[in-house]
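This is upload-v1.txt. It holds compact mmCIF, C-alpha atoms and all ligand atoms.
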```txt
# COMPACT_ATOMS: atom_id res chain seq x y z
CA MET A 1 40.39 -4.76 22.82
CA PRO A 2 36.77 -5.96 23.15
CA PHE A 3 35.00 -6.94 19.91
CA THR A 4 37.62 -5.06 17.90
CA ALA A 5 39.81 -5.86 14.93
CA ASN A 6 42.90 -5.15 17.03
CA ARG A 7 45.45 -4.95 14.22
CA GLN A 8 43.27 -2.72 12.05
CA PHE A 9 42.59 -0.50 15.02
CA LYS A 10 46.26 -0.11 15.82
CA ALA A 11 46.93 0.78 12.20
CA ASP A 12 44.09 3.33 12.12
CA PRO A 13 43.02 4.21 15.67
CA ARG A 14 40.00 6.28 16.64
CA MET A 15 40.64 7.68 20.10
CA LEU A 16 38.28 9.66 22.29
CA ALA A 17 39.61 12.20 24.74
CA GLY A 18 36.54 13.85 26.24
CA ALA A 19 32.76 14.09 26.15
CA LYS A 20 30.03 16.57 27.04
CA ASP A 21 26.28 16.26 26.52
CA MET A 22 25.73 15.14 22.88
CA TYR A 23 29.38 15.25 21.79
CA TYR A 24 32.60 13.32 22.08
CA THR A 25 35.89 15.09 21.57
CA ALA A 26 38.42 13.07 19.61
CA LEU A 27 42.12 13.12 20.47
CA ASP A 28 42.73 15.66 17.70
CA GLY A 29 40.09 17.96 19.20
CA LYS A 30 37.38 17.18 16.65
CA GLN A 31 33.76 17.17 17.91
CA ILE A 32 31.84 13.96 17.20
CA LEU A 33 28.06 13.96 17.53
CA ASP A 34 27.16 10.87 19.54
CA GLY A 35 24.53 8.99 17.54
CA THR A 36 24.82 5.87 19.69
CA ALA A 37 24.81 7.08 23.32
CA GLY A 38 28.25 5.49 23.60
CA LEU A 39 27.26 1.84 23.45
CA TRP A 40 23.51 2.38 23.96
CA CYS A 41 24.16 3.54 27.50
CA VAL A 42 24.70 7.27 27.99
CA ASN A 43 20.99 8.05 27.83
CA ALA A 44 21.19 11.35 29.74
CA GLY A 45 24.12 12.63 27.69
CA HIS A 46 27.77 12.81 28.67
CA CYS A 47 29.48 14.05 31.80
CA ARG A 48 26.37 15.18 33.61
CA LYS A 49 27.50 17.38 36.46
CA GLU A 50 25.15 15.90 39.07
CA ILE A 51 26.32 12.35 38.36
CA ALA A 52 30.00 13.32 38.40
CA GLU A 53 29.52 15.16 41.70
CA ALA A 54 27.60 12.28 43.27
CA ILE A 55 30.36 9.84 42.33
CA ALA A 56 33.12 12.15 43.56
CA SER A 57 31.44 12.84 46.86
CA GLN A 58 30.70 9.15 47.41
CA ALA A 59 34.33 8.22 46.63
CA ALA A 60 35.45 10.62 49.33
CA HIS A 61 32.87 9.44 51.85
CA LEU A 62 32.48 5.64 51.59
CA ASP A 63 34.59 4.31 48.74
CA TYR A 64 33.68 0.68 49.15
CA ALA A 65 31.54 -1.49 51.36
CA PRO A 66 31.52 -5.29 51.18
CA GLY A 67 28.14 -6.60 50.14
CA PHE A 68 28.41 -10.06 51.69
CA GLN A 69 26.69 -10.01 55.10
CA LEU A 70 27.11 -6.22 55.16
CA GLY A 71 25.33 -3.37 53.47
CA HIS A 72 25.22 0.38 53.10
CA PRO A 73 22.14 2.61 52.91
CA LEU A 74 22.75 3.90 49.38
CA ALA A 75 22.49 0.34 48.02
CA PHE A 76 18.95 0.04 49.36
CA GLU A 77 18.04 3.56 48.22
CA ALA A 78 19.28 2.70 44.73
CA ALA A 79 17.30 -0.56 44.76
CA THR A 80 14.15 1.33 45.75
CA ALA A 81 14.74 3.89 43.01
CA VAL A 82 15.26 1.17 40.38
CA ALA A 83 12.19 -0.73 41.60
CA GLY A 84 10.16 2.47 41.26
CA LEU A 85 10.70 2.38 37.50
CA MET A 86 9.94 -1.31 37.00
CA PRO A 87 6.49 -2.73 36.18
CA ALA A 88 4.26 -3.17 39.23
CA GLY A 89 5.29 -6.10 41.40
CA MET A 90 8.87 -6.32 40.05
CA ASP A 91 10.39 -4.66 43.07
CA ARG A 92 13.16 -7.02 44.22
CA ILE A 93 16.52 -5.90 42.90
CA PHE A 94 19.88 -7.72 42.66
CA PHE A 95 22.84 -5.51 41.67
CA THR A 96 25.58 -6.51 39.22
CA ASN A 97 28.23 -4.60 37.28
CA SER A 98 27.30 -5.26 33.67
CA GLY A 99 24.71 -6.63 31.32
CA SER A 100 26.50 -9.96 31.02
CA GLU A 101 26.47 -10.38 34.78
CA SER A 102 22.80 -9.40 34.91
CA VAL A 103 21.97 -12.10 32.38
CA ASP A 104 23.89 -14.83 34.18
CA THR A 105 22.34 -13.67 37.46
CA ALA A 106 18.82 -13.84 35.99
CA LEU A 107 19.38 -17.34 34.60
CA LYS A 108 20.61 -18.49 38.01
CA ILE A 109 17.64 -16.87 39.76
CA ALA A 110 15.34 -18.79 37.39
CA LEU A 111 17.00 -22.10 38.24
CA ALA A 112 17.00 -21.27 41.96
CA TYR A 113 13.30 -20.38 41.84
CA HIS A 114 12.23 -23.68 40.35
CA ARG A 115 14.46 -25.68 42.66
CA ALA A 116 13.12 -23.82 45.69
CA ARG A 117 9.61 -24.84 44.63
CA GLY A 118 10.55 -28.48 44.30
CA GLU A 119 10.79 -28.36 40.50
CA GLY A 120 14.54 -28.84 40.23
CA GLN A 121 14.05 -30.74 36.97
CA ARG A 122 13.40 -27.41 35.26
CA THR A 123 16.93 -26.71 34.03
CA ARG A 124 16.37 -26.02 30.35
CA LEU A 125 16.78 -22.47 29.04
CA ILE A 126 15.36 -21.11 25.80
CA GLY A 127 16.92 -18.15 24.03
CA ARG A 128 16.48 -16.91 20.48
CA GLU A 129 18.50 -16.81 17.29
CA ARG A 130 20.18 -13.42 16.86
CA GLY A 131 19.79 -12.77 20.57
CA TYR A 132 22.62 -10.99 22.37
CA HIS A 133 22.88 -11.55 26.09
CA GLY A 134 26.45 -10.56 26.75
CA VAL A 135 29.52 -12.72 26.90
CA GLY A 136 29.28 -14.89 30.02
CA PHE A 137 28.90 -18.62 29.39
CA GLY A 138 25.20 -18.34 30.26
CA GLY A 139 24.73 -15.37 27.97
CA ILE A 140 26.48 -16.87 24.95
CA SER A 141 24.64 -20.17 25.47
CA VAL A 142 21.18 -18.60 25.32
CA GLY A 143 22.45 -16.01 22.84
CA GLY A 144 22.03 -16.61 19.15
CA ILE A 145 25.08 -15.09 17.49
CA SER A 146 27.15 -17.81 15.87
CA GLY A 147 30.34 -15.75 15.89
CA ASN A 148 30.12 -15.38 19.67
CA ARG A 149 29.48 -19.10 20.17
CA LYS A 150 31.54 -21.12 17.77
CA THR A 151 34.97 -20.80 19.42
CA PHE A 152 33.44 -21.85 22.73
CA SER A 153 30.88 -24.30 21.42
CA GLY A 154 32.26 -27.27 23.31
CA ALA A 155 31.77 -25.55 26.64
CA LEU A 156 28.36 -23.91 26.29
CA LEU A 157 25.61 -24.68 28.80
CA PRO A 158 23.83 -27.95 28.13
CA SER A 159 20.04 -28.02 27.72
CA VAL A 160 19.57 -24.84 25.78
CA ASP A 161 17.33 -24.34 22.76
CA HIS A 162 16.52 -21.32 20.63
CA LEU A 163 13.45 -19.71 19.18
CA PRO A 164 13.69 -18.52 15.59
CA HIS A 165 14.51 -14.83 15.17
CA THR A 166 11.83 -12.49 13.87
CA HIS A 167 13.74 -10.64 11.16
CA ASN A 168 12.18 -10.93 7.70
CA LEU A 169 12.80 -8.31 5.04
CA GLU A 170 10.42 -9.88 2.54
CA LYS A 171 7.54 -9.35 4.92
CA ASN A 172 8.56 -6.37 7.00
CA ALA A 173 10.98 -4.11 5.10
CA PHE A 174 10.65 -0.40 5.87
CA SER A 175 8.34 -0.94 8.83
CA LYS A 176 7.70 1.94 11.17
CA GLY A 177 7.44 0.78 14.76
CA GLN A 178 6.33 -2.80 15.32
CA PRO A 179 6.06 -4.80 12.09
CA ALA A 180 2.68 -6.31 11.29
CA TRP A 181 3.97 -9.75 10.28
CA GLY A 182 5.50 -12.34 12.60
CA ALA A 183 3.46 -12.82 15.80
CA HIS A 184 3.07 -16.48 14.87
CA LEU A 185 6.83 -16.98 15.29
CA ALA A 186 6.19 -16.99 19.05
CA ASP A 187 4.16 -20.17 18.55
CA GLU A 188 7.44 -21.92 17.73
CA LEU A 189 7.88 -21.94 21.49
CA GLU A 190 5.04 -24.45 21.77
CA ARG A 191 6.85 -26.70 19.29
CA ILE A 192 10.14 -26.47 21.21
CA LEU A 193 8.32 -27.14 24.50
CA ALA A 194 6.57 -30.16 23.07
CA LEU A 195 9.94 -31.53 21.98
CA HIS A 196 11.61 -31.11 25.37
CA ASP A 197 8.58 -31.43 27.67
CA PRO A 198 7.60 -28.07 29.16
CA SER A 199 8.14 -29.32 32.71
CA THR A 200 11.91 -29.39 32.04
CA VAL A 201 12.06 -25.74 31.01
CA ALA A 202 13.09 -23.07 33.53
CA ALA A 203 13.04 -19.86 31.52
CA VAL A 204 12.72 -18.17 28.18
CA ILE A 205 14.99 -15.17 27.67
CA VAL A 206 14.61 -12.61 24.89
CA GLU A 207 15.44 -9.00 24.27
CA PRO A 208 12.05 -7.31 23.83
CA MET A 209 13.80 -5.33 21.08
CA ALA A 210 17.01 -6.96 19.91
CA GLY A 211 19.57 -4.18 19.64
CA SER A 212 23.00 -5.64 19.10
CA THR A 213 22.11 -7.84 16.13
CA GLY A 214 20.70 -4.95 14.20
CA VAL A 215 17.56 -3.43 15.77
CA LEU A 216 15.07 -6.27 15.41
CA ILE A 217 11.72 -4.94 16.52
CA PRO A 218 9.15 -7.41 17.88
CA PRO A 219 6.20 -8.05 15.56
CA GLN A 220 2.82 -6.88 16.82
CA GLY A 221 1.42 -9.44 19.24
CA TYR A 222 4.66 -11.46 19.46
CA LEU A 223 5.71 -10.61 23.02
CA GLU A 224 2.14 -11.03 24.25
CA ARG A 225 2.12 -14.53 22.80
CA LEU A 226 5.46 -15.44 24.46
CA ARG A 227 4.01 -14.21 27.75
CA GLU A 228 0.87 -16.32 27.33
CA ILE A 229 2.76 -19.50 26.47
CA THR A 230 5.37 -19.19 29.23
CA ALA A 231 2.67 -18.44 31.83
CA LYS A 232 0.62 -21.42 30.68
CA HIS A 233 3.55 -23.78 31.27
CA GLY A 234 4.90 -22.27 34.51
CA ILE A 235 8.05 -21.06 32.73
CA LEU A 236 9.69 -17.79 33.75
CA LEU A 237 9.97 -15.10 31.10
CA ILE A 238 13.10 -12.95 31.23
CA PHE A 239 13.27 -9.72 29.26
CA ASP A 240 16.84 -8.66 28.67
CA GLU A 241 16.42 -4.91 28.84
CA VAL A 242 20.10 -4.01 28.99
CA ILE A 243 19.51 -1.70 26.01
CA THR A 244 15.80 -0.97 26.26
CA ALA A 245 15.48 -0.02 29.93
CA TYR A 246 15.78 3.66 30.86
CA GLY A 247 14.00 5.38 28.07
CA ARG A 248 15.28 4.00 24.78
CA LEU A 249 11.73 3.33 23.55
CA GLY A 250 10.17 6.33 25.30
CA ALA A 251 9.18 4.55 28.50
CA ALA A 252 11.10 3.42 31.58
CA THR A 253 11.21 -0.13 30.20
CA ALA A 254 10.25 -1.96 27.02
CA SER A 255 7.95 -4.02 29.24
CA GLU A 256 6.02 -0.85 30.05
CA TYR A 257 6.15 0.33 26.44
CA PHE A 258 4.78 -2.94 25.04
CA GLY A 259 2.47 -3.59 27.99
CA VAL A 260 3.91 -7.06 28.56
CA THR A 261 5.28 -7.87 32.01
CA PRO A 262 7.92 -10.60 32.29
CA ASP A 263 9.03 -12.29 35.53
CA LEU A 264 12.57 -10.91 35.49
CA ILE A 265 14.15 -7.89 33.81
CA THR A 266 17.89 -7.59 33.26
CA MET A 267 19.40 -4.13 32.95
CA ALA A 268 22.72 -2.27 32.94
CA LYS A 269 23.95 0.58 30.70
CA GLY A 270 21.39 3.39 31.22
CA VAL A 271 20.85 2.53 34.88
CA SER A 272 23.96 4.56 35.78
CA ASN A 273 24.21 6.52 32.52
CA ALA A 274 27.35 4.37 32.12
CA ALA A 275 29.26 6.73 34.41
CA VAL A 276 30.16 3.78 36.65
CA PRO A 277 29.78 0.15 35.54
CA ALA A 278 26.47 -1.04 36.98
CA GLY A 279 23.71 -3.50 36.27
CA ALA A 280 20.78 -5.11 38.00
CA VAL A 281 18.09 -7.74 37.79
CA ALA A 282 14.53 -6.84 38.76
CA VAL A 283 12.54 -9.82 39.99
CA LYS A 284 8.87 -10.33 40.69
CA ARG A 285 8.20 -10.52 44.37
CA ASP A 286 6.81 -14.07 44.31
CA VAL A 287 9.94 -15.31 42.52
CA HIS A 288 12.08 -13.61 45.15
CA ASP A 289 9.96 -14.89 48.03
CA ALA A 290 10.02 -18.48 46.78
CA ILE A 291 13.83 -18.45 46.85
CA ILE A 292 14.16 -16.65 50.19
CA ASN A 293 11.47 -18.65 51.99
CA ALA A 294 12.77 -22.04 50.89
CA VAL A 295 15.74 -21.77 53.24
CA ASN A 296 15.52 -21.95 57.01
CA GLY A 297 18.28 -19.54 57.97
CA GLY A 298 21.61 -19.08 56.21
CA ILE A 299 22.38 -17.87 52.72
CA GLU A 300 19.39 -18.23 50.39
CA PHE A 301 21.08 -17.52 47.05
CA PHE A 302 24.69 -18.54 46.48
CA HIS A 303 25.60 -15.79 44.07
CA GLY A 304 27.01 -12.26 44.13
CA TYR A 305 29.84 -10.00 43.10
CA THR A 306 32.49 -8.16 45.11
CA TYR A 307 31.14 -5.02 43.50
CA SER A 308 27.39 -5.73 43.72
CA ALA A 309 25.81 -2.41 44.77
CA HIS A 310 29.21 -0.72 44.84
CA PRO A 311 28.82 2.65 46.60
CA LEU A 312 30.00 4.59 43.53
CA ALA A 313 27.53 2.69 41.34
CA ALA A 314 24.72 3.27 43.82
CA ALA A 315 25.54 7.01 43.88
CA ALA A 316 25.65 7.14 40.08
CA ILE A 317 22.35 5.25 39.78
CA LEU A 318 20.55 7.59 42.18
CA ALA A 319 21.89 10.70 40.43
CA THR A 320 21.06 9.25 36.99
CA LEU A 321 17.50 8.29 37.86
CA ASP A 322 17.01 11.78 39.34
CA ILE A 323 18.02 13.34 36.02
CA TYR A 324 15.70 11.03 34.03
CA ARG A 325 12.83 12.06 36.28
CA ARG A 326 13.65 15.76 36.60
CA ASP A 327 14.30 16.26 32.87
CA ASN A 328 11.44 13.98 31.86
CA LEU A 329 13.77 12.23 29.47
CA PHE A 330 11.60 9.17 28.77
CA ALA A 331 8.73 11.45 27.72
CA ARG A 332 11.19 13.47 25.67
CA ALA A 333 12.26 10.32 23.82
CA ARG A 334 8.60 9.51 23.20
CA GLU A 335 7.92 12.99 21.84
CA LEU A 336 11.00 12.99 19.60
CA ALA A 337 10.31 9.50 18.24
CA PRO A 338 8.11 10.69 15.31
CA VAL A 339 10.77 13.25 14.26
CA PHE A 340 13.43 10.56 14.49
CA GLU A 341 11.24 8.14 12.51
CA LYS A 342 10.68 10.66 9.72
CA ALA A 343 14.40 11.46 9.55
CA VAL A 344 15.58 7.84 9.36
CA HIS A 345 12.92 6.84 6.84
CA GLY A 346 14.25 9.67 4.68
CA LEU A 347 17.04 7.18 3.89
CA GLN A 348 14.59 4.89 2.07
CA GLY A 349 15.75 4.92 -1.53
CA ALA A 350 19.32 5.94 -0.60
CA ARG A 351 22.08 3.94 -2.25
CA HIS A 352 22.67 0.45 -0.73
CA VAL A 353 19.74 0.76 1.71
CA ILE A 354 17.54 -2.34 1.76
CA ASP A 355 15.66 -1.61 4.98
CA VAL A 356 15.01 1.08 7.53
CA ARG A 357 13.28 0.29 10.82
CA ASN A 358 12.74 2.24 14.00
CA ILE A 359 11.07 2.37 17.36
CA GLY A 360 11.40 5.03 20.07
CA LEU A 361 14.85 6.57 19.72
CA VAL A 362 16.47 3.61 18.01
CA ALA A 363 16.80 2.88 14.32
CA GLY A 364 18.40 0.28 12.10
CA VAL A 365 19.49 0.96 8.54
CA GLU A 366 20.28 -2.25 6.71
CA LEU A 367 22.64 -2.10 3.73
CA SER A 368 23.05 -4.64 0.99
CA PRO A 369 26.30 -6.49 1.66
CA ARG A 370 29.22 -6.32 -0.73
CA ASP A 371 29.75 -9.51 -2.69
CA GLY A 372 32.05 -11.78 -0.73
CA ALA A 373 32.68 -9.18 1.99
CA PRO A 374 29.80 -9.08 4.43
CA GLY A 375 30.05 -6.20 6.89
CA ALA A 376 32.67 -4.31 4.88
CA ARG A 377 30.27 -1.71 3.50
CA ALA A 378 28.78 -0.82 6.89
CA ALA A 379 32.28 -0.71 8.42
CA GLU A 380 33.27 1.85 5.83
CA VAL A 381 30.14 3.91 6.46
CA PHE A 382 30.93 3.85 10.19
CA LYS A 383 34.47 5.12 9.58
CA LYS A 384 33.42 7.81 7.12
CA CYS A 385 30.64 9.02 9.43
CA PHE A 386 33.17 9.24 12.26
CA ASP A 387 35.50 11.26 10.04
CA ALA A 388 32.53 13.48 9.18
CA GLY A 389 31.84 14.03 12.89
CA VAL A 390 28.99 11.60 13.60
CA MET A 391 29.24 8.39 15.60
CA VAL A 392 27.05 5.51 14.41
CA ARG A 393 27.33 1.81 15.15
CA TYR A 394 27.35 -1.13 12.83
CA THR A 395 26.77 -4.82 13.16
CA GLY A 396 27.17 -6.91 10.04
CA ASP A 397 25.78 -4.61 7.35
CA ILE A 398 23.28 -2.91 9.63
CA LEU A 399 23.83 0.58 10.97
CA ALA A 400 22.31 1.19 14.40
CA ILE A 401 21.48 4.65 15.67
CA SER A 402 20.50 5.19 19.30
CA PRO A 403 21.40 8.69 20.48
CA PRO A 404 21.24 10.07 24.01
CA LEU A 405 17.67 11.05 24.88
CA ILE A 406 18.72 14.71 25.18
CA ILE A 407 19.23 14.96 21.41
CA ASN A 408 17.50 17.85 19.62
CA GLU A 409 15.82 17.97 16.21
CA ALA A 410 18.77 19.65 14.46
CA GLN A 411 21.12 16.95 15.76
CA ILE A 412 18.73 14.21 14.57
CA ALA A 413 18.80 15.82 11.11
CA GLU A 414 22.60 16.04 11.22
CA ILE A 415 22.98 12.33 11.95
CA PHE A 416 20.80 11.18 9.05
CA ASP A 417 22.06 13.85 6.61
CA THR A 418 25.60 12.67 7.32
CA ILE A 419 24.67 9.02 6.80
CA GLY A 420 22.91 9.97 3.55
CA LYS A 421 25.97 11.83 2.27
CA VAL A 422 28.35 9.04 3.23
CA LEU A 423 26.16 6.43 1.53
CA LYS A 424 26.61 8.34 -1.73
CA GLU A 425 30.39 8.11 -1.40
CA VAL A 426 30.66 4.46 -0.43
CA ALA A 427 30.94 1.84 -3.14
C1 LIG B 1 20.58 -7.11 25.48
C2 LIG B 1 21.97 -7.13 26.05
N1 LIG B 1 22.27 -7.98 27.02
C3 LIG B 1 23.49 -8.02 27.56
C4 LIG B 1 24.49 -7.18 27.12
C5 LIG B 1 25.85 -7.27 27.72
O1 LIG B 1 26.14 -6.16 28.49
P1 LIG B 1 27.64 -5.90 28.98
O2 LIG B 1 28.44 -5.57 27.76
O3 LIG B 1 27.48 -4.74 29.93
O4 LIG B 1 28.11 -7.12 29.67
C6 LIG B 1 24.22 -6.26 26.12
C7 LIG B 1 25.25 -5.34 25.62
O5 LIG B 1 25.10 -4.65 24.64
C8 LIG B 1 22.92 -6.25 25.55
O6 LIG B 1 22.62 -5.40 24.56
```

Can I see the file as structure tokens?
Ligand SMILES: Cc1ncc(COP(=O)(O)O)c(C=O)c1O
Amino acid sequence: MPFTANRQFKADPRMLAGAKDMYYTALDGKQILDGTAGLWCVNAGHCRKEIAEAIASQAAHLDYAPGFQLGHPLAFEAATAVAGLMPAGMDRIFFTNSGSESVDTALKIALAYHRARGEGQRTRLIGRERGYHGVGFGGISVGGISGNRKTFSGALLPSVDHLPHTHNLEKNAFSKGQPAWGAHLADELERILALHDPSTVAAVIVEPMAGSTGVLIPPQGYLERLREITAKHGILLIFDEVITAYGRLGAATASEYFGVTPDLITMAKGVSNAAVPAGAVAVKRDVHDAIINAVNGGIEFFHGYTYSAHPLAAAAILATLDIYRRDNLFARARELAPVFEKAVHGLQGARHVIDVRNIGLVAGVELSPRDGAPGARAAEVFKKCFDAGVMVRYTGDILAISPPLIINEAQIAEIFDTIGKVLKEVA
């Protein structure tokens, strides 16, 4: 099983049998309020009829179409729909099947772009400590999670460096929205560039809001500074928006929310409401054109997946984006964000809680670790919340809450009341 303690799971399994809107149904019939949108992906809520119908009808109509030297109209319609939600000018779309594939695709596009422009010496990639960019070799190389890297350390990509992470409880504990302290950490990029020579660097990749390592929210001014420095040195900036795209912060993308436009955006998860595995990379037109125009006939970009723009994924994407637009779900997330913020900050002062942080419809609740057993306390909270009918997520000793954007105020209260009660019971 992926990222699972297999033996513990087998001894004490938690199995899901069904889902509808805000709820999972466990195998024993119990209703579980989904506080995590599955794995940060079911933004429109579960089993939406229109998406299910679009997938079913597509499966009966054109189940599969090869994407190499062939196409199908829905792929281009889906690309246009995705492009319509990206920042202006980022309207070239490459389809993948997952966040990990989107990341590796984006890194390859960055290398291809520089090579096409006669700057093939730009091969270095800069990620960030505590970054999560999936599990491909590219993603774990630029990623900053030691547990995901150490077993494979001998085979990671060469020529990778990392920015420092931005998490600092001494300075920023109990921040609401973007913390005030930490913009200067982006200046570390100048130091890293001076060390390696900026003309060897292809791209910087960061999550605008780091989700998987515990909801690390960018300090005010930090992303702007990264944008300035990368632009100054001709380095591409990649925002990994696998979690943040499609409404999580109350806008179509984190780029839009923060007002900082990168050169490439990676996405997955919410793009299809997770109903069919799907991902994509959005690319600025000049980056795209440089790659395409460098080749006189023939294949311009030696990359792609059997299931890139799979018809079922394209159908799911179109139906999903329709729901986001029709139900105004990004605006809904924005409007609910203050209610969500108030509810999560109600946990300040609760037992074990050393930080609460939030932005849009995402929150992190950091617990003090048990002596000698990091992660054990949060794992217990996760299990007890599940038993009490609320799904939360944990990473290390940080609880992460990121519900579907269709959540209502009573359900927000239920999530945080349940966490509060469980915290009282957990040693
Ligand atoms: C920022 C980010 N990038 C990449 C990924 C990997 O996505 P996937 O699991 O679909 O490969 C994730 C997954 O959570 C993510 O949060």

- [ ] Would you list the residues that come within 7 Å of ligand LIG 1 (chain B)? Count all atoms listed in the file and give the answer as a ChimeraX atom specification.
- [x] /A:39,98-101,103,132-135,207,210-212,240-243,268-269

- [ ] Between atom CA of Arg377 of chain A and atom CA of Asp397 of chain A, measure the distance and give it in Å to one decimal.
- [x] 6.6 Å

- [ ] Please identify all polymer residues within 12 Å of Glu414 of chain A, counting all atoms listed in the file, omitting same-chain residues fewer than 6 positions from it, and present them as a VMD selection string.
- [x] chain A and resid 32 to 35 340 343 to 344 385 388 to 392 403 407 to 408 420 to 421

Open item on the list: Need the shell around segment 345-355 of chain A: protein/DNA/RNA residues with any atom at most 8 Å away, counting all atoms listed in the file. Skip same-chain ones fewer than 4 positions apart. Format as a list in words?
Closed with: Leu169, Ala173, Phe174, Glu341, Gly364, Val365, Glu366, Leu367, Ser368, Phe416, Gly420, Leu423 and Lys424 of chain A

Task: Pairwise distance for atom CA of Thr200 of chain A and atom CA of Ile93 of chain A, rounded to one decimal in Å - done: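 These atoms are spaced 26.3 Å apart.
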
Task: Residue contacts of Glu188 of chain A (10 Å, all atoms listed in the file) excluding same-chain residues fewer than 3 positions away, as an MDAnalysis selection string - done: chainID A and resid 162:164 184:185 191:194 226

Is there a way to get, as an mmCIF file with C-alpha atoms, keeping the file's coordinate frame, all residues within 9 Å of the point (9.2, -23.7, 31.0) in file coordinates, counting all atoms listed in the file?
```
data_model
loop_
_atom_site.group_PDB
_atom_site.id
_atom_site.type_symbol
_atom_site.label_atom_id
_atom_site.label_comp_id
_atom_site.auth_asym_id
_atom_site.auth_seq_id
_atom_site.Cartn_x
_atom_site.Cartn_y
_atom_site.Cartn_z
ATOM 1 C CA ARG A 122 13.400 -27.410 35.260
ATOM 2 C CA THR A 123 16.930 -26.710 34.030
ATOM 3 C CA ARG A 124 16.370 -26.020 30.350
ATOM 4 C CA LEU A 125 16.780 -22.470 29.040
ATOM 5 C CA ILE A 126 15.360 -21.110 25.800
ATOM 6 C CA LEU A 193 8.320 -27.140 24.500
ATOM 7 C CA ASP A 197 8.580 -31.430 27.670
ATOM 8 C CA PRO A 198 7.600 -28.070 29.160
ATOM 9 C CA SER A 199 8.140 -29.320 32.710
ATOM 10 C CA THR A 200 11.910 -29.390 32.040
ATOM 11 C CA VAL A 201 12.060 -25.740 31.010
ATOM 12 C CA ALA A 202 13.090 -23.070 33.530
ATOM 13 C CA ALA A 203 13.040 -19.860 31.520
ATOM 14 C CA VAL A 204 12.720 -18.170 28.180
ATOM 15 C CA ILE A 229 2.760 -19.500 26.470
ATOM 16 C CA THR A 230 5.370 -19.190 29.230
ATOM 17 C CA ALA A 231 2.670 -18.440 31.830
ATOM 18 C CA LYS A 232 0.620 -21.420 30.680
ATOM 19 C CA HIS A 233 3.550 -23.780 31.270
ATOM 20 C CA GLY A 234 4.900 -22.270 34.510
ATOM 21 C CA ILE A 235 8.050 -21.060 32.730
ATOM 22 C CA LEU A 236 9.690 -17.790 33.750
ATOM 23 C CA LEU A 237 9.970 -15.100 31.100
#
```

TODO: Might you pull out every residue within 9 Å of Gly304 of chain A, with only C-alpha atoms counted and same-chain residues fewer than 2 positions away left off, and present them as a list in words?
DONE: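 In the requested form, the answer reads Gly67, Phe68, Phe94, Phe95, Thr96, Thr105, Phe301, Phe302, Thr306, Tyr307 and Ser308 of chain A.
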
TODO: Please identify all polymer residues within 12 Å of Ser146 of chain A, counting all atoms listed in the file, omitting same-chain residues fewer than 2 positions from it, and present them as a PyMOL selection string.
DONE: chain A and resi 128-132+140-144+148-153+213

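Interatomic distance, atom CA of Ala363 of chain A against atom CA of Gly177 of chain A: 9.6 Å.
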
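Of the residues under consideration (A:Tyr394, A:Tyr246, A:Phe3, A:Phe386), A:Tyr246 shows the shortest atom-to-atom contact distance to Arg325 of chain A when counting only C-alpha atoms.
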
Task: Option closest in space to Ala83 of chain A, from A:Val281, A:Ala427, A:Phe382, A:Ile398 [counting all atoms listed in the file] - done: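 For Ala83 of chain A, the nearest of the candidates is A:Val281.
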
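Distances here use only C-alpha atoms; by that measure, the residue among A:Asp387, A:Lys284, A:Ser175, A:Leu321 closest to Lys342 of chain A is A:Ser175.
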
Task: Using all atoms listed in the file: which of A:Asn293, A:Ser255, A:Asn97, A:Thr266 has the shortest distance to Pro218 of chain A - done: A:Ser255

Open item on the list: Measuring between all atoms listed in the file, which one of A:Arg248, A:Lys49, A:His196, A:Lys20 shows the shortest distance to Arg334 of chain A?
Closed with: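 Under the stated criterion, the closest residue is A:Arg248.
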